[in-house]
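> Got a file for you: start25.txt, compact mmCIF, C-alpha atoms.
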```
# COMPACT_ATOMS: atom_id res chain seq x y z
CA MET S 579 123.94 51.32 95.22
CA LYS S 580 127.07 50.44 93.24
CA LEU S 581 126.88 51.34 89.54
CA MET S 582 128.79 50.46 86.38
CA ILE S 583 128.75 52.55 83.20
CA VAL S 584 129.42 50.73 79.91
CA ASP S 585 129.90 52.84 76.77
CA ASP S 586 132.58 52.82 74.07
CA GLU S 587 132.68 56.64 74.05
CA ALA S 588 134.57 58.21 76.97
CA PRO S 589 132.67 61.56 76.77
CA ALA S 590 129.38 59.68 77.09
CA ARG S 591 130.63 57.84 80.18
CA GLN S 592 131.86 61.10 81.68
CA ARG S 593 128.57 62.89 81.04
CA LEU S 594 126.51 60.11 82.60
CA ARG S 595 128.82 59.96 85.62
CA GLY S 596 128.36 63.73 86.00
CA LEU S 597 124.58 63.48 85.82
CA ILE S 598 124.53 60.74 88.46
CA SER S 599 126.73 62.86 90.70
CA GLU S 600 124.42 65.86 90.28
CA LEU S 601 121.42 63.81 91.35
CA GLY S 602 123.03 62.98 94.66
CA GLY S 603 121.50 60.08 96.54
CA ASP S 604 123.08 56.81 97.59
CA TYR S 605 124.68 56.03 94.21
CA GLU S 606 128.35 55.31 93.53
CA VAL S 607 129.91 54.64 90.12
CA THR S 608 132.47 51.98 90.99
CA ALA S 609 133.37 50.75 87.49
CA GLU S 610 133.47 51.83 83.85
CA ALA S 611 133.90 49.68 80.73
CA GLU S 612 134.32 50.62 77.08
CA ASN S 613 133.00 47.37 75.56
CA GLY S 614 130.94 44.30 76.35
CA GLU S 615 133.87 42.01 77.09
CA GLN S 616 135.25 44.44 79.65
CA ALA S 617 131.84 44.83 81.24
CA VAL S 618 131.37 41.08 81.70
CA ALA S 619 134.85 40.66 83.19
CA LEU S 620 134.48 43.63 85.54
CA SER S 621 131.02 42.60 86.73
CA GLU S 622 132.34 39.14 87.59
CA ALA S 623 135.40 40.48 89.42
CA HIS S 624 133.66 43.41 91.13
CA PRO S 625 129.86 42.83 91.37
CA VAL S 626 127.63 45.89 91.14
CA ASP S 627 123.94 46.53 91.77
CA LEU S 628 123.13 48.34 88.52
CA VAL S 629 124.68 48.53 85.04
CA PHE S 630 124.10 51.35 82.56
CA MET S 631 124.69 49.52 79.27
CA ASP S 632 125.17 51.10 75.84
CA ILE S 633 123.88 48.85 73.04
CA HIS S 634 126.02 49.73 70.01
CA MET S 635 129.66 48.91 70.81
CA PRO S 636 132.46 47.24 68.84
CA GLY S 637 132.97 43.55 69.55
CA MET S 638 130.44 42.21 72.04
CA ASP S 639 127.46 44.58 71.96
CA GLY S 640 125.36 45.62 74.92
CA LEU S 641 122.58 43.08 74.39
CA GLU S 642 125.00 40.17 74.39
CA ALA S 643 126.96 41.54 77.35
CA ALA S 644 123.72 42.01 79.29
CA ALA S 645 122.72 38.41 78.56
CA HIS S 646 126.02 37.22 80.08
CA ILE S 647 125.80 39.55 83.09
CA SER S 648 122.19 38.54 83.78
CA ARG S 649 123.39 35.00 84.50
CA GLN S 650 125.32 36.12 87.56
CA GLU S 651 124.00 35.11 90.97
CA PRO S 652 122.46 37.42 91.94
CA PRO S 653 122.39 39.51 88.74
CA PRO S 654 122.60 43.30 88.73
CA ALA S 655 119.77 45.41 87.36
CA ILE S 656 120.40 46.72 83.83
CA ILE S 657 119.40 50.02 82.25
CA PHE S 658 120.12 50.29 78.54
CA ILE S 659 121.28 53.56 77.02
CA THR S 660 121.31 54.11 73.27
CA ALA S 661 120.57 56.58 70.51
CA TYR S 662 118.36 54.07 68.68
CA SER S 663 114.79 53.63 69.88
CA GLU S 664 114.19 50.55 67.71
CA HIS S 665 116.14 48.43 70.21
CA ALA S 666 113.70 49.03 73.06
CA LEU S 667 111.93 45.67 72.65
CA ASP S 668 115.24 43.76 72.52
CA ALA S 669 116.35 45.57 75.66
CA PHE S 670 113.32 44.54 77.67
CA GLU S 671 113.64 40.96 76.44
CA VAL S 672 116.97 40.86 78.32
CA ASN S 673 115.03 41.82 81.47
CA ALA S 674 116.18 45.42 81.48
CA VAL S 675 114.82 47.62 84.25
CA ASP S 676 114.60 50.63 81.94
CA TYR S 677 115.70 52.06 78.60
CA LEU S 678 117.13 55.57 78.16
CA LEU S 679 117.61 57.39 74.88
CA LYS S 680 120.63 59.60 74.29
CA PRO S 681 121.07 62.41 75.07
CA ILE S 682 120.04 61.37 78.56
CA ARG S 683 117.88 63.86 80.43
CA ARG S 684 118.30 64.33 84.17
CA GLN S 685 114.60 63.76 84.90
CA LYS S 686 114.54 60.49 82.92
CA LEU S 687 117.74 59.33 84.61
CA GLN S 688 116.35 60.04 88.06
CA ALA S 689 113.16 58.13 87.30
CA ALA S 690 115.16 55.15 86.01
CA LEU S 691 117.39 55.11 89.10
CA GLU S 692 114.38 55.26 91.41
CA LYS S 693 112.76 52.40 89.51
CA ALA S 694 115.93 50.31 89.76
CA THR S 695 116.19 51.05 93.48
CA ARG S 696 112.66 49.74 94.07
CA LEU S 697 113.51 46.43 92.40
CA THR S 698 115.30 44.08 94.73
CA ARG S 699 118.14 41.94 93.41
CA PRO S 700 116.20 38.70 94.13
CA LEU S 701 113.30 40.01 92.00
CA VAL S 702 115.66 40.86 89.15
CA GLN S 703 117.18 37.40 89.44
CA LYS S 704 113.76 35.74 89.29
CA GLU S 705 112.86 37.67 86.15
CA ALA S 706 116.20 36.84 84.51
CA GLU S 707 115.71 33.14 85.19
CA ALA S 708 112.29 33.13 83.55
CA GLU S 709 113.94 32.58 80.19
CA THR S 710 117.48 31.93 79.01
CA TRP S 711 118.69 33.36 75.72
CA LEU S 712 121.42 32.50 73.23
CA THR S 713 122.91 35.01 70.83
CA SER S 714 123.67 34.39 67.15
CA ARG S 715 125.26 37.01 64.91
CA TYR S 716 124.06 37.05 61.31
CA ARG S 717 124.07 39.53 58.42
CA GLY S 718 125.64 42.14 60.63
CA GLY S 719 122.86 41.83 63.22
CA VAL S 720 122.07 39.79 66.30
CA GLN S 721 119.50 37.02 66.60
CA ARG S 722 118.37 35.99 70.06
CA ILE S 723 117.21 32.39 70.54
CA ALA S 724 115.38 31.11 73.61
CA LEU S 725 116.91 27.97 75.09
CA SER S 726 113.38 26.61 75.45
CA ASP S 727 113.10 26.73 71.63
CA VAL S 728 116.28 24.67 71.05
CA TYR S 729 116.43 21.03 69.98
CA TYR S 730 120.16 20.41 69.72
CA PHE S 731 123.63 21.83 69.12
CA ARG S 732 126.14 20.41 66.62
CA ALA S 733 129.81 21.35 66.23
CA ASP S 734 130.29 22.80 62.75
CA SER S 735 133.86 23.80 61.88
CA LYS S 736 134.82 26.72 64.17
CA TYR S 737 131.17 27.44 64.99
CA VAL S 738 128.31 25.56 66.64
CA MET S 739 125.06 25.09 64.75
CA VAL S 740 121.92 25.34 66.89
CA ARG S 741 118.73 23.70 65.64
CA HIS S 742 115.71 25.53 67.00
CA GLY S 743 112.04 26.07 66.23
CA GLY S 744 112.84 28.76 63.69
CA GLY S 745 115.45 26.75 61.76
CA GLU S 746 119.22 26.75 62.17
CA SER S 747 121.67 29.41 63.37
CA LEU S 748 125.39 29.61 64.10
CA LEU S 749 126.82 30.37 67.54
CA GLU S 750 130.32 31.37 68.54
CA ASP S 751 130.01 29.34 71.77
CA SER S 752 131.76 25.96 71.98
CA LEU S 753 129.98 22.73 72.87
CA VAL S 754 132.07 22.54 76.03
CA SER S 755 131.01 26.01 77.18
CA LEU S 756 127.35 25.25 76.44
CA GLU S 757 127.59 21.95 78.32
CA LYS S 758 129.05 23.72 81.37
CA ARG S 759 126.52 26.55 81.16
CA PHE S 760 123.47 24.26 80.95
CA PRO S 761 124.44 21.00 82.68
CA GLN S 762 120.85 20.19 83.67
CA GLU S 763 119.28 21.00 80.30
CA LEU S 764 121.75 19.44 77.84
CA LEU S 765 123.00 15.92 77.26
CA ARG S 766 125.98 14.94 75.12
CA ILE S 767 125.11 12.13 72.72
CA HIS S 768 128.19 12.39 70.52
CA ARG S 769 131.52 14.21 70.67
CA SER S 770 130.07 16.76 68.25
CA MET S 771 126.47 16.87 69.50
CA LEU S 772 124.48 18.15 72.50
CA VAL S 773 120.71 17.64 72.78
CA ARG S 774 118.24 19.44 75.02
CA THR S 775 116.94 16.67 77.25
CA ALA S 776 113.37 17.97 77.47
CA VAL S 777 112.70 17.41 73.75
CA ILE S 778 114.11 13.87 73.34
CA SER S 779 111.17 11.55 72.66
CA GLY S 780 112.93 8.23 72.11
CA LEU S 781 115.65 6.05 70.60
CA VAL S 782 115.46 4.09 67.34
CA LYS S 783 117.86 1.83 65.49
CA ASN S 784 119.12 2.81 62.06
CA LEU S 785 119.86 0.51 59.12
CA ASP S 786 123.46 0.06 60.25
CA GLY S 787 122.43 -1.15 63.69
CA GLY S 788 123.34 2.10 65.37
CA VAL S 789 121.10 4.10 67.68
CA GLN S 790 119.54 7.48 66.97
CA VAL S 791 117.72 10.08 69.05
CA VAL S 792 114.31 11.15 67.70
CA PHE S 793 112.02 14.06 68.52
CA ALA S 794 108.24 14.37 68.70
CA ASP S 795 107.74 17.40 66.46
CA ILE S 796 110.69 17.45 64.03
CA ASP S 797 111.94 14.71 61.71
CA ASP S 798 115.65 15.08 62.57
CA ARG S 799 117.38 11.90 63.73
CA LEU S 800 120.74 12.15 65.49
CA ASP S 801 123.32 9.40 65.79
CA VAL S 802 124.23 8.47 69.36
CA SER S 803 127.77 7.21 69.92
CA ARG S 804 128.01 3.84 71.65
CA ARG S 805 129.52 5.26 74.85
CA HIS S 806 126.63 7.72 75.29
CA VAL S 807 123.73 5.31 74.68
CA PRO S 808 123.43 4.28 78.37
CA ALA S 809 123.05 7.91 79.48
CA VAL S 810 120.27 8.51 76.95
CA ARG S 811 118.47 5.32 78.04
CA ARG S 812 118.71 6.38 81.71
CA LEU S 813 117.23 9.75 80.80
CA LEU S 814 114.30 8.21 78.92
CA ASN S 815 113.65 5.66 81.67
CA GLY S 816 113.45 8.49 84.16
CA LYS S 817 110.95 10.54 82.16
```
Take the structure in this file and express it as structure tokens.

Amino acid sequence: MKLMIVDDEAPARQRLRGLISELGGDYEVTAEAENGEQAVALSEAHPVDLVFMDIHMPGMDGLEAAAHISRQEPPPAIIFITAYSEHALDAFEVNAVDYLLKPIRRQKLQAALEKATRLTRPLVQKEAEAETWLTSRYRGGVQRIALSDVYYFRADSKYVMVRHGGGESLLEDSLVSLEKRFPQELLRIHRSMLVRTAVISGLVKNLDGGVQVVFADIDDRLDVSRRHVPAVRRLLNGK
């Protein structure tokens, strides 16, 4: 089993590597990363079976990095490591196999590795695909938004505003990246607007003769540019 250790503190990575070595077994640490961005890049270039992911790191934190890594095909299993127990629920929402508190104890580590070994990569992939999450940073924290709760995305200055069941949030993703990531779920209706196809209920004309998308359970109406009207009509005709 190929492993990756992700932690911004070198001594912590070294200690965990040492504990894994002491346990023996068919485990090999093939990669280390000191932040989320590195972890995502390394996991794409050199796929592993299991990632030990610290949560609190500068830049992209462990929860966001795990969300990116979980979209790989097939995704590696993820075990979160942190000194803060209050993040346990968030960790399992990202389909983590287990959650270890620092300082990591050998017995807990062995149990987590055995649990990860029992889970096949196809099973982990199936669980990861059960829900897709978006990450919004706000007030120094992280808000996770289920794609299934989203109505639309609108370009807003250097950010993207996402309208969801809980209100509005800002994302650092671009519309282009979202469109490429979710080509089956999203439809562009304007150069600055993407709509989740499953929640479009119809088209109406506005007072200026233009066309707008409407939804069944929110009052928002979104202008559709003339070039994108045929695509929206085809979608509605196929529903």
> Taking 6 positions as the minimum chain separation for residues in the same chain, which residues sit within 7 Å of region 651-665 of chain S when counting only C-alpha atoms? Answer as a list in words.
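Neighbouring residues, sequence-local ones excluded: Val626, Asp627, Leu628, Val629, Phe630, Met631, Asp632, Ile633, Ala674, Val675, Asp676, Tyr677, Leu678, Leu679, Lys680, Ala694, Arg699, Pro700, Val702 and Gln703 of chain S.
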> Which is closest to Ala645 (chain S) among S:Glu746, S:Asp798, S:Glu615, S:Glu610, if we use all atoms listed in the file?
S:Glu615
> Using all atoms listed in the file, which protein or nucleic acid residues come within 12 Å of region 592-603 of chain S? Drop anything in the same chain fewer than 5 positions from it, and give the result as a PyMOL selection string.
chain S and resi 579-587+608-612+629-632+659+678+680-692+695
> Mind pulling up the distance from CA of Val773 (chain S) to CA of Arg741 (chain S)?
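Between CA of Arg741 (chain S) and CA of Val773 (chain S) the gap is 9.6 Å.
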> Please, what distance in Å, to one decimal, runs between CA of Leu813 (chain S) and CA of Arg649 (chain S)?
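So the two atoms, CA of Leu813 (chain S) and CA of Arg649 (chain S), lie 26.3 Å apart.
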> Within 6 Å of (112.5, 9.4, 72.1) (coordinates as in the file), grab all the protein and nucleic acid residues, counting only C-alpha atoms, and write them out as a list in words.
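Those residues, ordered by chain and then number, are Ile778, Ser779, Gly780, Leu781, Val792 and Phe793 of chain S.
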> For the residues in the current selection, export C-alpha atoms as a PDB file, in the coordinates of the input.

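again_26.pdb was written with the following content:
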```
ATOM      1  CA  ILE S 778     114.110  13.870  73.340  1.00  0.00           C
ATOM      2  CA  SER S 779     111.170  11.550  72.660  1.00  0.00           C
ATOM      3  CA  GLY S 780     112.930   8.230  72.110  1.00  0.00           C
ATOM      4  CA  LEU S 781     115.650   6.050  70.600  1.00  0.00           C
ATOM      5  CA  VAL S 792     114.310  11.150  67.700  1.00  0.00           C
ATOM      6  CA  PHE S 793     112.020  14.060  68.520  1.00  0.00           C
TER       7      PHE S 793
END
```
> Just the number, please: distance in Å from CA of Val618 (chain S) to CA of Tyr729 (chain S), one decimal.
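Computed distance, CA of Val618 (chain S) to CA of Tyr729 (chain S), equals 27.6 Å.
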> When you count only C-alpha atoms, which of these residues is closest to Val738 (chain S): S:Met771, S:Met635, S:Gln721, S:Arg759?
S:Met771
> Can you work out which one of S:Ser755, S:Leu725, S:Val807, S:Leu749 has the shortest atom-to-atom distance to Val777 (chain S), counting only C-alpha atoms?
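Nearest to Val777 (chain S): S:Leu725.
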> Give me the residues within 12 Å of Gly788 (chain S) as a list in words, counting only C-alpha atoms and dropping any in the same chain fewer than 6 places off.
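The residues that qualify are Leu781, Val782, Arg799, Leu800, Asp801, Val802, Ser803, Arg804, Arg805, His806 and Val807 of chain S.
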